[in-house]
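Undergrad: Okay, so here is data_5.txt, and as you'll see once you scroll down, it has compact mmCIF, C-alpha atoms.
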```txt
# COMPACT_ATOMS: atom_id res chain seq x y z
CA MET A 1 1.36 -17.25 -54.62
CA ASP A 2 -1.92 -16.11 -53.19
CA ALA A 3 -0.85 -16.31 -49.54
CA LEU A 4 2.50 -14.73 -50.38
CA GLY A 5 0.71 -11.98 -52.27
CA LEU A 6 -1.03 -10.86 -49.12
CA TYR A 7 1.97 -11.30 -46.79
CA ASN A 8 2.85 -7.59 -46.97
CA TYR A 9 -0.62 -6.57 -45.93
CA TRP A 10 -0.68 -8.99 -43.05
CA ILE A 11 2.61 -7.77 -41.63
CA VAL A 12 1.31 -4.23 -42.03
CA ILE A 13 -1.74 -5.19 -40.00
CA VAL A 14 0.43 -6.80 -37.32
CA LEU A 15 2.52 -3.61 -37.11
CA MET A 16 -0.58 -1.46 -37.09
CA MET A 17 -2.11 -3.44 -34.27
CA THR A 18 1.15 -3.33 -32.30
CA GLY A 19 1.09 0.44 -32.54
CA PHE A 20 -2.59 0.51 -31.64
CA TYR A 21 -1.94 -1.72 -28.64
CA VAL A 22 0.84 0.58 -27.43
CA VAL A 23 -1.50 3.55 -27.75
CA VAL A 24 -4.41 2.03 -25.85
CA SER A 25 -2.59 0.00 -23.20
CA ARG A 26 0.35 2.15 -22.12
CA GLY A 27 -0.16 5.08 -19.79
CA ASN A 28 3.05 6.89 -20.65
CA LEU A 29 2.34 9.74 -23.05
CA VAL A 30 5.71 9.60 -24.85
CA LYS A 31 5.24 5.91 -25.48
CA LYS A 32 1.76 6.56 -26.81
CA ILE A 33 3.25 8.90 -29.39
CA VAL A 34 5.85 6.30 -30.37
CA GLY A 35 2.93 3.89 -30.79
CA LEU A 36 1.15 6.38 -33.02
CA ASN A 37 4.31 6.63 -35.11
CA ILE A 38 4.44 2.85 -35.54
CA PHE A 39 0.82 2.90 -36.63
CA GLN A 40 1.54 5.69 -39.08
CA THR A 41 4.57 4.03 -40.63
CA SER A 42 2.66 0.79 -41.09
CA MET A 43 0.06 2.80 -42.98
CA PHE A 44 2.81 4.16 -45.24
CA ILE A 45 4.04 0.63 -45.93
CA LEU A 46 0.48 -0.39 -46.83
CA TYR A 47 0.18 2.37 -49.43
CA ILE A 48 3.64 1.82 -50.90
CA SER A 49 3.03 -1.94 -51.11
CA MET A 50 -0.12 -1.30 -53.08
CA GLY A 51 1.80 0.93 -55.48
CA LYS A 52 4.41 -1.71 -56.28
CA VAL A 53 4.24 -3.33 -59.71
CA ALA A 54 6.04 -6.65 -60.13
CA GLY A 55 9.11 -6.15 -62.32
CA GLY A 56 8.67 -2.40 -62.17
CA THR A 57 11.26 0.19 -61.26
CA ALA A 58 11.18 3.52 -59.44
CA PRO A 59 8.96 6.02 -61.29
CA ILE A 60 11.79 8.08 -62.73
CA LEU A 61 11.48 8.04 -66.50
CA ALA A 62 14.61 6.80 -68.25
CA GLU A 63 15.67 5.03 -71.40
CA GLY A 64 15.42 1.28 -71.31
CA PHE A 65 12.68 0.95 -68.70
CA GLU A 66 9.10 0.20 -69.58
CA THR A 67 7.42 -0.75 -66.31
CA TYR A 68 7.24 1.73 -63.47
CA SER A 69 5.66 1.41 -60.07
CA ASN A 70 2.64 3.54 -59.40
CA PRO A 71 3.83 7.07 -58.48
CA LEU A 72 0.56 8.24 -56.98
CA PRO A 73 0.81 6.45 -53.59
CA HIS A 74 4.37 7.73 -53.31
CA VAL A 75 3.18 11.31 -53.61
CA LEU A 76 0.41 10.80 -51.08
CA ILE A 77 2.80 9.22 -48.60
CA LEU A 78 5.40 11.95 -49.05
CA THR A 79 2.76 14.39 -47.92
CA ALA A 80 1.66 12.07 -45.13
CA ILE A 81 5.19 11.65 -43.73
CA VAL A 82 5.68 15.39 -43.39
CA VAL A 83 2.24 15.95 -41.92
CA GLY A 84 2.90 13.02 -39.57
CA VAL A 85 6.02 14.66 -38.23
CA ALA A 86 4.15 17.93 -37.76
CA THR A 87 1.50 16.17 -35.67
CA THR A 88 4.19 14.29 -33.74
CA ALA A 89 5.88 17.58 -32.93
CA LEU A 90 2.59 19.05 -31.75
CA GLY A 91 1.87 15.97 -29.64
CA LEU A 92 5.31 16.07 -28.05
CA ALA A 93 4.90 19.76 -27.30
CA LEU A 94 1.64 18.91 -25.53
CA VAL A 95 3.48 16.22 -23.54
CA VAL A 96 6.14 18.73 -22.47
CA ARG A 97 3.40 21.18 -21.51
CA ILE A 98 1.52 18.53 -19.52
CA ASN A 99 4.75 17.63 -17.78
CA GLU A 100 5.22 21.27 -16.81
CA ALA A 101 1.71 21.53 -15.42
CA TYR A 102 1.46 18.16 -13.66
CA GLY A 103 5.05 17.06 -13.15
CA THR A 104 4.37 13.68 -14.72
CA VAL A 105 3.66 12.10 -18.11
CA GLU A 106 1.83 9.06 -16.74
CA GLU A 107 -1.88 9.05 -17.48
CA ASP A 108 -3.07 7.57 -14.18
CA GLU A 109 -1.05 10.03 -12.08
CA ILE A 110 -2.51 12.92 -14.09
CA GLN A 111 -6.01 11.57 -13.50
CA LEU A 112 -5.28 11.22 -9.78
CA GLN A 113 -4.18 14.86 -9.59
CA ASP A 114 -7.28 15.97 -11.48
CA GLN A 115 -9.53 14.16 -9.04
CA GLU A 116 -7.77 15.68 -6.06
CA ALA A 117 -8.05 19.20 -7.47
CA MET B 1 12.65 -10.26 -44.95
CA LEU B 2 12.71 -6.64 -43.86
CA LEU B 3 9.05 -6.67 -42.94
CA SER B 4 9.47 -9.40 -40.35
CA PHE B 5 12.37 -7.47 -38.88
CA LEU B 6 10.11 -4.43 -38.56
CA ALA B 7 7.62 -6.53 -36.63
CA VAL B 8 10.37 -7.67 -34.25
CA ILE B 9 11.37 -4.07 -33.57
CA ALA B 10 7.78 -3.03 -33.01
CA ILE B 11 7.42 -5.73 -30.38
CA GLY B 12 10.69 -4.58 -28.81
CA ILE B 13 9.20 -1.09 -28.55
CA LEU B 14 6.14 -2.59 -26.92
CA ARG B 15 8.16 -4.50 -24.31
CA LEU B 16 10.84 -2.01 -23.32
CA ARG B 17 10.42 0.24 -20.30
CA ASN B 18 13.38 2.52 -20.88
CA LEU B 19 12.02 5.31 -23.04
CA PHE B 20 15.44 6.26 -24.37
CA ALA B 21 15.80 2.76 -25.84
CA VAL B 22 12.24 2.98 -27.15
CA VAL B 23 13.01 6.20 -29.00
CA MET B 24 16.22 4.76 -30.43
CA LEU B 25 14.33 1.68 -31.59
CA SER B 26 11.72 3.86 -33.25
CA GLY B 27 14.54 5.58 -35.11
CA ILE B 28 15.82 2.19 -36.28
CA TYR B 29 12.27 1.31 -37.23
CA SER B 30 12.02 4.40 -39.42
CA LEU B 31 15.34 3.66 -41.06
CA LEU B 32 14.35 0.06 -41.75
CA SER B 33 11.08 1.15 -43.26
CA ALA B 34 13.07 3.56 -45.44
CA GLY B 35 15.06 0.57 -46.66
CA LEU B 36 11.82 -1.22 -47.32
CA PHE B 37 10.56 1.72 -49.37
CA VAL B 38 13.66 1.49 -51.57
CA ALA B 39 12.89 -2.19 -52.11
CA LEU B 40 9.34 -1.21 -53.07
CA ASP B 41 10.58 1.33 -55.68
CA ALA B 42 9.61 4.39 -53.65
CA VAL B 43 12.95 6.14 -53.49
CA ASP B 44 11.56 9.62 -52.81
CA VAL B 45 9.48 8.29 -49.94
CA ALA B 46 12.52 6.43 -48.63
CA PHE B 47 14.74 9.43 -48.25
CA THR B 48 11.96 11.53 -46.83
CA GLU B 49 11.25 8.84 -44.27
CA ALA B 50 14.94 8.46 -43.42
CA ALA B 51 15.46 12.21 -43.00
CA VAL B 52 12.15 13.22 -41.48
CA GLY B 53 10.92 10.07 -39.75
CA GLY B 54 14.29 8.73 -38.67
CA GLY B 55 16.00 12.07 -38.11
CA ILE B 56 13.68 14.87 -37.08
CA ALA B 57 11.09 12.77 -35.24
CA THR B 58 13.78 10.97 -33.23
CA PHE B 59 15.41 14.29 -32.44
CA LEU B 60 12.09 15.76 -31.26
CA MET B 61 11.43 12.74 -29.07
CA LEU B 62 14.89 12.92 -27.51
CA GLY B 63 14.22 16.58 -26.77
CA THR B 64 10.97 15.64 -25.09
CA LEU B 65 12.72 12.99 -23.01
CA ALA B 66 15.29 15.54 -21.93
CA LEU B 67 12.47 17.82 -20.74
CA THR B 68 10.47 15.07 -19.05
CA THR B 69 11.67 11.65 -17.92
CA ASP B 70 13.11 8.60 -19.62
CA ARG B 71 11.62 5.92 -17.39
CA GLU B 72 8.21 4.44 -17.95
CA LYS B 73 6.24 3.46 -14.90
CA LEU B 74 5.37 -0.22 -14.65
CA PRO B 75 1.78 -0.68 -15.73
CA GLU B 76 -0.47 -2.64 -13.40
CA GLY B 77 -1.35 -5.94 -14.97
CA ARG B 78 -5.10 -6.01 -14.66
CA LEU B 79 -6.13 -3.59 -17.40
CA GLN B 80 -4.11 -5.22 -20.17
CA ILE B 81 -6.63 -7.85 -21.27
CA ILE B 82 -9.27 -5.45 -22.65
CA PRO B 83 -6.89 -3.58 -24.99
CA LEU B 84 -5.52 -6.91 -26.17
CA LEU B 85 -9.01 -8.13 -27.00
CA ILE B 86 -9.85 -4.95 -28.88
CA VAL B 87 -6.60 -5.08 -30.81
CA VAL B 88 -6.93 -8.75 -31.76
CA ALA B 89 -10.54 -8.23 -32.86
CA THR B 90 -9.62 -5.21 -34.98
CA GLY B 91 -6.66 -7.04 -36.47
CA ALA B 92 -8.78 -10.08 -37.38
CA LEU B 93 -11.32 -7.80 -39.03
CA LEU B 94 -8.62 -6.04 -41.04
CA ILE B 95 -7.07 -9.34 -42.15
CA TYR B 96 -10.52 -10.46 -43.26
CA GLY B 97 -10.66 -7.23 -45.24
CA THR B 98 -7.38 -7.98 -47.04
CA LEU B 99 -8.56 -11.35 -48.29
CA ASP B 100 -10.04 -10.01 -51.51
CA MET B 101 -7.33 -7.42 -52.11
CA PRO B 102 -5.26 -7.81 -55.27
CA GLY B 103 -1.98 -9.65 -54.71
CA TYR B 104 1.29 -7.85 -54.06
CA GLY B 105 2.83 -6.44 -57.26
CA ASP B 106 -0.13 -7.43 -59.42
CA PRO B 107 0.01 -5.12 -62.47
CA THR B 108 -3.71 -5.58 -63.17
CA ALA B 109 -4.80 -4.23 -59.77
CA PRO B 110 -7.39 -1.44 -59.97
CA ILE B 111 -4.97 1.06 -58.43
CA HIS B 112 -2.74 0.87 -61.53
CA GLN B 113 -5.56 1.34 -64.04
CA HIS B 114 -6.95 4.78 -63.48
CA VAL B 115 -4.88 7.93 -62.95
CA ALA B 116 -1.32 6.66 -62.71
CA PRO B 117 -0.91 5.54 -66.34
CA ARG B 118 -1.78 9.01 -67.53
CA TYR B 119 0.81 10.56 -65.24
CA LEU B 120 3.44 8.08 -66.38
CA ALA B 121 2.62 8.68 -70.03
CA ASP B 122 2.30 12.47 -70.08
CA ALA B 123 4.28 13.81 -67.12
CA GLU B 124 7.54 14.24 -68.95
CA ARG B 125 5.97 15.98 -71.93
CA GLU B 126 3.77 18.24 -69.81
CA THR B 127 6.16 19.20 -67.02
CA SER B 128 9.59 18.19 -68.44
CA VAL B 129 10.47 16.62 -65.09
CA PRO B 130 11.67 13.03 -65.52
CA ASN B 131 10.89 12.09 -61.92
CA VAL B 132 7.15 11.45 -62.03
CA VAL B 133 6.79 11.69 -58.25
CA THR B 134 8.24 15.20 -58.29
CA ALA B 135 6.09 16.12 -61.27
CA ILE B 136 2.90 15.08 -59.49
CA LEU B 137 3.91 16.56 -56.14
CA ALA B 138 5.00 19.95 -57.40
CA SER B 139 2.91 20.35 -60.52
CA TYR B 140 -0.28 18.29 -60.80
CA ARG B 141 -0.96 18.29 -57.09
CA SER B 142 0.79 21.44 -56.02
CA PHE B 143 -2.27 22.72 -54.18
CA ASP B 144 -2.19 19.55 -52.14
CA THR B 145 1.40 20.33 -51.25
CA MET B 146 0.46 23.88 -50.37
CA GLY B 147 -2.20 22.51 -48.00
CA GLU B 148 0.51 20.37 -46.46
CA LEU B 149 2.58 23.49 -45.85
CA ALA B 150 -0.41 25.08 -44.16
CA VAL B 151 -0.61 22.06 -41.84
CA ILE B 152 3.09 22.32 -40.99
CA PHE B 153 2.77 26.04 -40.41
CA THR B 154 -0.20 25.50 -38.09
CA ALA B 155 1.65 22.79 -36.19
CA GLY B 156 4.68 25.06 -35.86
CA ILE B 157 2.54 27.86 -34.46
CA GLY B 158 0.91 25.39 -32.08
CA VAL B 159 4.26 24.19 -30.78
CA MET B 160 5.46 27.76 -30.34
CA LEU B 161 2.31 28.74 -28.46
CA LEU B 162 2.42 25.66 -26.25
CA LEU B 163 6.07 25.89 -25.31
CA GLY B 164 6.99 29.55 -25.77
CA GLY B 165 3.89 30.96 -24.05
CA ALA B 166 4.26 28.73 -21.02
CA ARG B 167 7.78 29.90 -20.30
CA LYS B 168 6.86 33.55 -20.55
CA ARG B 169 3.82 33.20 -18.31
CA ARG B 170 5.70 31.42 -15.57
CA GLY B 171 8.59 33.84 -15.65
CA GLY B 172 10.19 32.23 -12.62
CA PRO B 173 12.16 29.09 -11.77
CA SER B 174 11.10 25.98 -13.62
CA GLY B 175 7.99 24.50 -12.05
CA GLY B 176 8.50 21.35 -10.04
CA PRO B 177 5.73 18.84 -9.45
CA SER B 178 2.60 20.89 -9.83
CA GLY B 179 0.75 22.50 -7.00
CA GLY B 180 -3.00 22.64 -7.53
CA PRO B 181 -3.24 26.39 -8.22
CA SER B 182 -0.42 26.55 -10.79
CA GLY B 183 -1.67 23.46 -12.62
CA GLY B 184 -5.31 24.55 -12.88
CA PRO B 185 -5.30 28.04 -14.39
CA SER B 186 -2.45 27.48 -16.84
CA GLY B 187 -4.17 24.33 -18.07
CA ASP B 188 -7.32 26.35 -18.77
CA ALA B 189 -5.41 29.11 -20.46
CA SER B 190 -3.78 26.81 -22.98
CA GLU B 191 -7.14 25.47 -24.04
```
Kindly transcribe the structure held in the file into structure tokens.

TA:
Amino acid sequence: MDALGLYNYWIVIVLMMTGFYVVVSRGNLVKKIVGLNIFQTSMFILYISMGKVAGGTAPILAEGFETYSNPLPHVLILTAIVVGVATTALGLALVVRINEAYGTVEEDEIQLQDQEA
Amino acid sequence: MLLSFLAVIAIGILRLRNLFAVVMLSGIYSLLSAGLFVALDAVDVAFTEAAVGGGIATFLMLGTLALTTDREKLPEGRLQIIPLLIVVATGALLIYGTLDMPGYGDPTAPIHQHVAPRYLADAERETSVPNVVTAILASYRSFDTMGELAVIFTAGIGVMLLLGGARKRRGGPSGGPSGGPSGGPSGDASE
């Protein structure tokens, strides 16, 4: 039970680290943003997992249900999802802008051009 | 279990070079996590994630690919060991941190003791909204939601400035691979 109880968190950490690895090891800016998204979603799963109550149901009050999962993480993550998309949009706009200025979205090529200039 | 499937997709994203496939996989990833949220009783989060994470984010990324390129350059192999070390070390540290966390679904966990019971007990009487998530989002924490709108508004303005301003300033044919002079000044201006 104990190991199974932490399984969710461990997968979340694996996902988080996969996203982190994509961000730090790949030079392509679009892929970096996808990596950031993976990281973000794993964070959401972490919060929602913490809010789950065994035997509970969705926090919509109704007759015949006594146990509800914790609604507070849900609210926080609703906000976080929308803010996450806003930052993704901003990041992608920066990528498009960088592509206009440099003609590439690869980090090392951008650095090369900067050194030449 | 859905979670393991998510991990498989994340590794697929890591391995693939074709950015179009990567973006599609990230859409699938969002949709799967939405399914997971339903399983974890977070229905509001699930449909937000499916619509916003799976829909709008994928759409934005496809737009970016259309404006840039959909092939990723092959990375040279030598730099990969340092990121891997950092990531494994961080992951090990985080797993060590989870060891004394309360188990999954444990109703006695500290998170369920403090504010949430009050919301569950009083939300319907105080706001007459049966969906507690909506009640908290729009009533108890409505200033939080207003701050969120400010963030979205700022991001929208940022995107408009970054993309709209650039087109107006150039005013000519779309810029090819940058020459030094056109890259330099416009880069400064946007900062």

Undergrad: Mind dumping a table of every chain A residue within 6 Å of chain B, with the nearest atom pair and its distance in Å to one decimal, using only C-alpha atoms, sorted by chain and rising number, as CSV?

TA:
```
residue,atom,partner,partner_atom,distance
A:Gly5,CA,B:Gly103,CA,4.3
A:Leu6,CA,B:Gly103,CA,5.8
A:Leu15,CA,B:Ala7,CA,5.9
A:Met17,CA,B:Val87,CA,5.9
A:Ser25,CA,B:Pro83,CA,5.9
A:Lys52,CA,B:Gly105,CA,5.1
A:Val53,CA,B:Gly105,CA,4.2
A:Ala54,CA,B:Gly105,CA,4.3
A:Thr57,CA,B:Asp41,CA,5.7
A:Ala58,CA,B:Asp41,CA,4.4
A:Pro59,CA,B:Val132,CA,5.8
A:Ile60,CA,B:Asn131,CA,4.2
A:Leu61,CA,B:Pro130,CA,5.1
A:Pro71,CA,B:Val133,CA,5.5
A:Val75,CA,B:Leu137,CA,5.9
A:Leu78,CA,B:Val45,CA,5.6
A:Ala86,CA,B:Ile152,CA,5.6
A:Leu90,CA,B:Val159,CA,5.5
A:Ala93,CA,B:Val159,CA,5.7
A:Ala101,CA,B:Gly183,CA,4.8
A:Tyr102,CA,B:Ser178,CA,4.8
A:Gly103,CA,B:Pro177,CA,4.2
```

Undergrad: Between A:Pro73, A:Gly84, A:Gly19, A:Gly91, which one has atoms that come closest to Leu46 in chain A, using only C-alpha atoms?

TA: A:Pro73

Undergrad: Grab the CA of Gly35 in chain B to CA of Val30 in chain A distance for me, in Å with one decimal place.

TA: 25.4 Å

Undergrad: Mind giving me the straight-line distance from CA of Leu36 in chain A to CA of Val14 in chain A in Å, one decimal?

TA: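 These atoms are spaced 13.9 Å apart.
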
Undergrad: In Å to one decimal, how far is CA of Leu94 in chain A from CA of Leu29 in chain A?

TA: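 Atom-to-atom, CA of Leu29 in chain A to CA of Leu94 in chain A, that is 9.5 Å.
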
Undergrad: Could you name the residues that touch Asp108 in chain A at 7 Å or less, counting only C-alpha atoms, but leaving out those on the same chain fewer than 3 positions away, as an MDAnalysis selection string?

TA: chainID A and resid 27 111:112

Undergrad: Leaving out Asn28 in chain A and any residue of its chain fewer than 2 positions from it, which residues lie within 6 Å of it when counting only C-alpha atoms, given as a PyMOL selection string?

TA: chain A and resi 26+30-31+105-106

Undergrad: Could range 19-30 of chain A be completed with all heavy atoms and written as a tab-separated table (two decimals), keeping the file's coordinate frame, please?

TA:
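Saved as result-v1.tsv:
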```
chain	number	residue	atom	x	y	z
A	19	GLY	N	1.15	-0.97	-32.87
A	19	GLY	CA	1.09	0.44	-32.54
A	19	GLY	C	-0.17	0.80	-31.80
A	19	GLY	O	-0.15	1.52	-30.80
A	20	PHE	N	-1.28	0.26	-32.27
A	20	PHE	CA	-2.59	0.51	-31.64
A	20	PHE	C	-2.58	0.04	-30.19
A	20	PHE	O	-3.03	0.74	-29.28
A	20	PHE	CB	-3.65	-0.24	-32.47
A	20	PHE	CG	-5.06	0.03	-32.07
A	20	PHE	CD1	-5.43	1.26	-31.56
A	20	PHE	CD2	-6.03	-0.95	-32.24
A	20	PHE	CE1	-6.75	1.50	-31.21
A	20	PHE	CE2	-7.34	-0.71	-31.89
A	20	PHE	CZ	-7.70	0.50	-31.36
A	21	TYR	N	-1.99	-1.17	-29.99
A	21	TYR	CA	-1.94	-1.72	-28.64
A	21	TYR	C	-1.11	-0.83	-27.72
A	21	TYR	O	-1.49	-0.58	-26.58
A	21	TYR	CB	-1.36	-3.13	-28.68
A	21	TYR	CG	-1.31	-3.80	-27.34
A	21	TYR	CD1	-2.48	-4.23	-26.73
A	21	TYR	CD2	-0.11	-4.01	-26.68
A	21	TYR	CE1	-2.46	-4.82	-25.49
A	21	TYR	CE2	-0.07	-4.60	-25.45
A	21	TYR	CZ	-1.25	-5.01	-24.85
A	21	TYR	OH	-1.22	-5.60	-23.62
A	22	VAL	N	0.02	-0.32	-28.25
A	22	VAL	CA	0.84	0.58	-27.43
A	22	VAL	C	0.02	1.81	-27.06
A	22	VAL	O	0.04	2.26	-25.91
A	22	VAL	CB	2.12	0.99	-28.19
A	22	VAL	CG1	2.87	2.06	-27.43
A	22	VAL	CG2	3.02	-0.20	-28.40
A	23	VAL	N	-0.74	2.33	-28.03
A	23	VAL	CA	-1.50	3.55	-27.75
A	23	VAL	C	-2.56	3.30	-26.70
A	23	VAL	O	-2.71	4.07	-25.76
A	23	VAL	CB	-2.15	4.08	-29.05
A	23	VAL	CG1	-3.07	5.24	-28.74
A	23	VAL	CG2	-1.09	4.52	-30.02
A	24	VAL	N	-3.30	2.20	-26.79
A	24	VAL	CA	-4.41	2.03	-25.85
A	24	VAL	C	-3.98	1.44	-24.52
A	24	VAL	O	-4.65	1.67	-23.51
A	24	VAL	CB	-5.56	1.17	-26.43
A	24	VAL	CG1	-6.27	1.91	-27.53
A	24	VAL	CG2	-5.08	-0.16	-26.89
A	25	SER	N	-2.86	0.70	-24.45
A	25	SER	CA	-2.59	0.00	-23.20
A	25	SER	C	-1.53	0.67	-22.35
A	25	SER	O	-1.43	0.37	-21.18
A	25	SER	CB	-2.16	-1.44	-23.50
A	25	SER	OG	-0.84	-1.44	-23.99
A	26	ARG	N	-0.72	1.56	-22.92
A	26	ARG	CA	0.35	2.15	-22.12
A	26	ARG	C	-0.08	3.53	-21.62
A	26	ARG	O	-0.64	4.33	-22.38
A	26	ARG	CB	1.64	2.27	-22.94
A	26	ARG	CG	2.21	0.93	-23.34
A	26	ARG	CD	2.68	0.16	-22.11
A	26	ARG	NE	3.38	-1.06	-22.49
A	26	ARG	CZ	2.84	-2.28	-22.41
A	26	ARG	NH1	1.60	-2.42	-22.00
A	26	ARG	NH2	3.53	-3.33	-22.75
A	27	GLY	N	0.25	3.82	-20.37
A	27	GLY	CA	-0.16	5.08	-19.79
A	27	GLY	C	0.83	6.21	-20.03
A	27	GLY	O	0.51	7.37	-19.83
A	28	ASN	N	2.03	5.87	-20.47
A	28	ASN	CA	3.05	6.89	-20.65
A	28	ASN	C	2.82	7.64	-21.96
A	28	ASN	O	2.71	7.04	-23.03
A	28	ASN	CB	4.43	6.21	-20.65
A	28	ASN	CG	5.54	7.22	-20.70
A	28	ASN	OD1	5.68	7.95	-21.67
A	28	ASN	ND2	6.33	7.28	-19.65
A	29	LEU	N	2.75	8.96	-21.87
A	29	LEU	CA	2.34	9.74	-23.05
A	29	LEU	C	3.39	9.69	-24.16
A	29	LEU	O	3.04	9.65	-25.34
A	29	LEU	CB	2.08	11.18	-22.64
A	29	LEU	CG	0.90	11.36	-21.67
A	29	LEU	CD1	0.78	12.80	-21.24
A	29	LEU	CD2	-0.38	10.91	-22.30
A	30	VAL	N	4.68	9.68	-23.80
A	30	VAL	CA	5.71	9.60	-24.85
A	30	VAL	C	5.59	8.28	-25.59
A	30	VAL	O	5.66	8.22	-26.82
A	30	VAL	CB	7.12	9.75	-24.25
A	30	VAL	CG1	8.17	9.61	-25.32
A	30	VAL	CG2	7.26	11.09	-23.55
```
